[in-house]
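Notes for the one structure printed next.
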Amino acid sequence: MTARIHDFAAGDDPRADERYAATVEALSSCDEDALSLAACTGLIDPEEVIDWVVRAKRLVLFERDRSALRSEVPALAQRLEELLRQVRLPEGVDRLHIVRRTVERLPAVRSLLAEDVEAAHLGDPAARGYDEIVVAYPSIRALSVHRLAHELYVQGVPLLPRIFSEYAHGRTGVDIHPGARIGRRCFLDHGTGIVIGETAEVGDRVRIYQGVTLGATSVPDAALLRGTKRHPTIEDDVTIYAGATILGGDTVIGRGSVVGGNVWVTRSLPPGSRIMAEPARHVLRREDGEDDTLPMQLHWDLDS
C-alpha cells in the first residue's frame, strides 16, 4: 500500500504536469458560470470571519475582566476593519464608521442577550440557572450570533453577516437570516429546525419552539421578490409551537396569539387568537387488537 501511494506522488511522476494539465486548466478557468463569477473576483476566507464572531460572542457573553477587555476590544475592532477591507461595501458606507459603531454597540447587544437569558429561564422549567442557559442553550448561541450579525447587516455590510448566520445554523440547527428583526426577551425553545427569513419581524416576549418556519411563499423567479417584505410579522407575546409554518410578507400574527403545532398559516390572525391543527382522531379499536381495514403497523414474523 505504501508503495502504491508513493507511485502517485506528483513529485515522483515526471509526467504529472502533462497528465493532469486538463484538470488544472479546467479548475483554474474563470468562465461565466456561477462558481467562477464568485471565486475569480476573490473570496474572503469564511474561517477568518467565523473566528471574529466567535471572539465577539465570547467577549459579550463571558468576558468581564477589565484588563483583558482593554486589549481585546481594540484587537476585535482592528480585525473587523481588516475583514471589511475584503468585501465590497456599498457606495457611501464608511468602513471605519462601521467598525466604531459595531464596537460601541456591543454593550447594547449584551443587554439584549441578558434579557434573552432571562426569557429562557422564565420559559423553561428544566433550566437550573442562568449559567446553564448561557453556556449550553442553543437559543443563546443562535441569538448571540444573530444579534451581532444584525448589527452589521443594518449598516449595509455584505457577506459577513451571512457567514455569521450560517455558522450559527451549523452549530445549533437554528437558521436566522441576519436581516430578521428579533425583539426583546426572545426564547427559541429547543431551537432545532427553526427558520426565520430575512424580512421577518418578531416582537417582544415571543416564544418559538423547534421546527417552526417563518418563511416566504415560493415563486418561479425569486428575483421578483428581492427587496420586498416576504416573511411574516409576529407581534408581542406570541407563542408558536413546534412544527408550525407561517408564510408571507402580509401575514401578521396578532399580539398575544398562540399558534399550535404543525399548523400552516398564510393569513393574518387578530390579537389574542388561538389556532391549532385538527386533533388526532382515534379511528378504530378492536378487542383482539387486529384491524384488517387499517393496517397501521407492520407485522413481522420473527419465527420464520
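Here's how to read the names in the C-alpha cells: chain A, B, ... by the order shown, residue numbers from 1 in each chain, ligand numbers from 1 in the order shown.
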
Pick out the residues sitting within 7 Å of A:Leu269, and hand them over as a tab-separated table (two decimals) with N, CA and C atoms, in the first residue's frame; count only C-alpha atoms, and ignore anything fewer than 2 positions along from it in its own chain.
chain	number	residue	atom	x	y	z
A	252	VAL	N	-49.66	38.68	9.45
A	252	VAL	CA	-49.37	39.25	10.76
A	252	VAL	C	-50.05	38.39	11.82
A	253	ILE	N	-49.27	37.91	12.77
A	253	ILE	CA	-49.82	37.16	13.90
A	253	ILE	C	-50.00	38.14	15.05
A	254	GLY	N	-51.25	38.39	15.40
A	254	GLY	CA	-51.56	39.44	16.35
A	254	GLY	C	-51.05	39.18	17.75
A	267	ARG	N	-52.47	33.50	6.35
A	267	ARG	CA	-53.32	34.67	6.53
A	267	ARG	C	-53.11	35.24	7.93
A	271	PRO	N	-55.25	39.86	17.16
A	271	PRO	CA	-54.68	39.69	18.50
A	271	PRO	C	-55.51	38.72	19.34
A	273	SER	N	-55.58	35.45	19.20
A	273	SER	CA	-56.09	34.26	18.51
A	273	SER	C	-55.50	32.98	19.09

Members of stretch 151-182 of chain A assigned alpha helix (DSSP H) by DSSP, as number ranges by chain:
A: 151-153, 160-172

Store the residues of this selection in a file with N, CA and C atoms, as a PDB file, in the first residue's frame.
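The resulting file, out.pdb, is shown below:
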ATOM      1  N   GLU A 151     -26.292  43.608  13.562  1.00  0.00           N
ATOM      2  CA  GLU A 151     -25.639  44.916  13.696  1.00  0.00           C
ATOM      3  C   GLU A 151     -24.904  45.290  12.409  1.00  0.00           C
ATOM      4  N   LEU A 152     -24.230  44.332  11.798  1.00  0.00           N
ATOM      5  CA  LEU A 152     -23.533  44.600  10.538  1.00  0.00           C
ATOM      6  C   LEU A 152     -24.496  44.684   9.361  1.00  0.00           C
ATOM      7  N   TYR A 153     -25.524  43.851   9.387  1.00  0.00           N
ATOM      8  CA  TYR A 153     -26.491  43.832   8.284  1.00  0.00           C
ATOM      9  C   TYR A 153     -27.158  45.190   8.120  1.00  0.00           C
ATOM     10  N   LEU A 160     -20.412  39.168   5.319  1.00  0.00           N
ATOM     11  CA  LEU A 160     -20.003  38.786   6.667  1.00  0.00           C
ATOM     12  C   LEU A 160     -21.186  38.348   7.529  1.00  0.00           C
ATOM     13  N   PRO A 161     -22.295  39.121   7.567  1.00  0.00           N
ATOM     14  CA  PRO A 161     -23.414  38.687   8.412  1.00  0.00           C
ATOM     15  C   PRO A 161     -23.960  37.325   8.016  1.00  0.00           C
ATOM     16  N   ARG A 162     -23.955  37.043   6.722  1.00  0.00           N
ATOM     17  CA  ARG A 162     -24.493  35.755   6.274  1.00  0.00           C
ATOM     18  C   ARG A 162     -23.573  34.606   6.683  1.00  0.00           C
ATOM     19  N   ILE A 163     -22.274  34.839   6.663  1.00  0.00           N
ATOM     20  CA  ILE A 163     -21.334  33.811   7.145  1.00  0.00           C
ATOM     21  C   ILE A 163     -21.553  33.584   8.634  1.00  0.00           C
ATOM     22  N   PHE A 164     -21.772  34.659   9.383  1.00  0.00           N
ATOM     23  CA  PHE A 164     -22.092  34.522  10.809  1.00  0.00           C
ATOM     24  C   PHE A 164     -23.298  33.597  10.994  1.00  0.00           C
ATOM     25  N   SER A 165     -24.378  33.916  10.274  1.00  0.00           N
ATOM     26  CA  SER A 165     -25.636  33.196  10.494  1.00  0.00           C
ATOM     27  C   SER A 165     -25.528  31.730  10.095  1.00  0.00           C
ATOM     28  N   GLU A 166     -24.785  31.438   9.025  1.00  0.00           N
ATOM     29  CA  GLU A 166     -24.634  30.045   8.619  1.00  0.00           C
ATOM     30  C   GLU A 166     -23.742  29.273   9.588  1.00  0.00           C
ATOM     31  N   TYR A 167     -22.811  29.973  10.220  1.00  0.00           N
ATOM     32  CA  TYR A 167     -22.026  29.332  11.283  1.00  0.00           C
ATOM     33  C   TYR A 167     -22.951  28.926  12.429  1.00  0.00           C
ATOM     34  N   ALA A 168     -23.797  29.841  12.879  1.00  0.00           N
ATOM     35  CA  ALA A 168     -24.733  29.529  13.957  1.00  0.00           C
ATOM     36  C   ALA A 168     -25.702  28.435  13.544  1.00  0.00           C
ATOM     37  N   HIS A 169     -26.131  28.470  12.287  1.00  0.00           N
ATOM     38  CA  HIS A 169     -27.030  27.441  11.770  1.00  0.00           C
ATOM     39  C   HIS A 169     -26.393  26.061  11.897  1.00  0.00           C
ATOM     40  N   GLY A 170     -25.132  25.960  11.499  1.00  0.00           N
ATOM     41  CA  GLY A 170     -24.447  24.682  11.577  1.00  0.00           C
ATOM     42  C   GLY A 170     -24.230  24.205  12.995  1.00  0.00           C
ATOM     43  N   ARG A 171     -24.034  25.131  13.927  1.00  0.00           N
ATOM     44  CA  ARG A 171     -23.766  24.768  15.318  1.00  0.00           C
ATOM     45  C   ARG A 171     -25.025  24.474  16.115  1.00  0.00           C
ATOM     46  N   THR A 172     -26.147  25.096  15.756  1.00  0.00           N
ATOM     47  CA  THR A 172     -27.340  24.995  16.594  1.00  0.00           C
ATOM     48  C   THR A 172     -28.556  24.408  15.889  1.00  0.00           C
TER      49      THR A 172
END

I need the residue nearest A:Arg185 from this list: A:Thr213, A:Thr199, A:Ser111, A:Ser257. Use only C-alpha atoms for the distance.
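Selected residue with least distance to A:Arg185: A:Ser111.
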
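Atom CA of A:Ala149 is found 11.5 Å from atom CA of A:Val54.
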
For a test of reading the model, state the distance in Å between atom CA of A:Val135 and atom CA of A:Leu61, rounded to one decimal.
8.9 Å

To one decimal place, how far is atom CA of A:Ile176 from atom CA of A:Ser218 in Å?
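Separating atom CA of A:Ile176 from atom CA of A:Ser218 is a distance of 18.1 Å.
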
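Nearest to A:Gly227 of all the residues A:Gly179, A:Met276, A:Ile246, A:Ile50 is A:Gly179, based on only C-alpha atoms.
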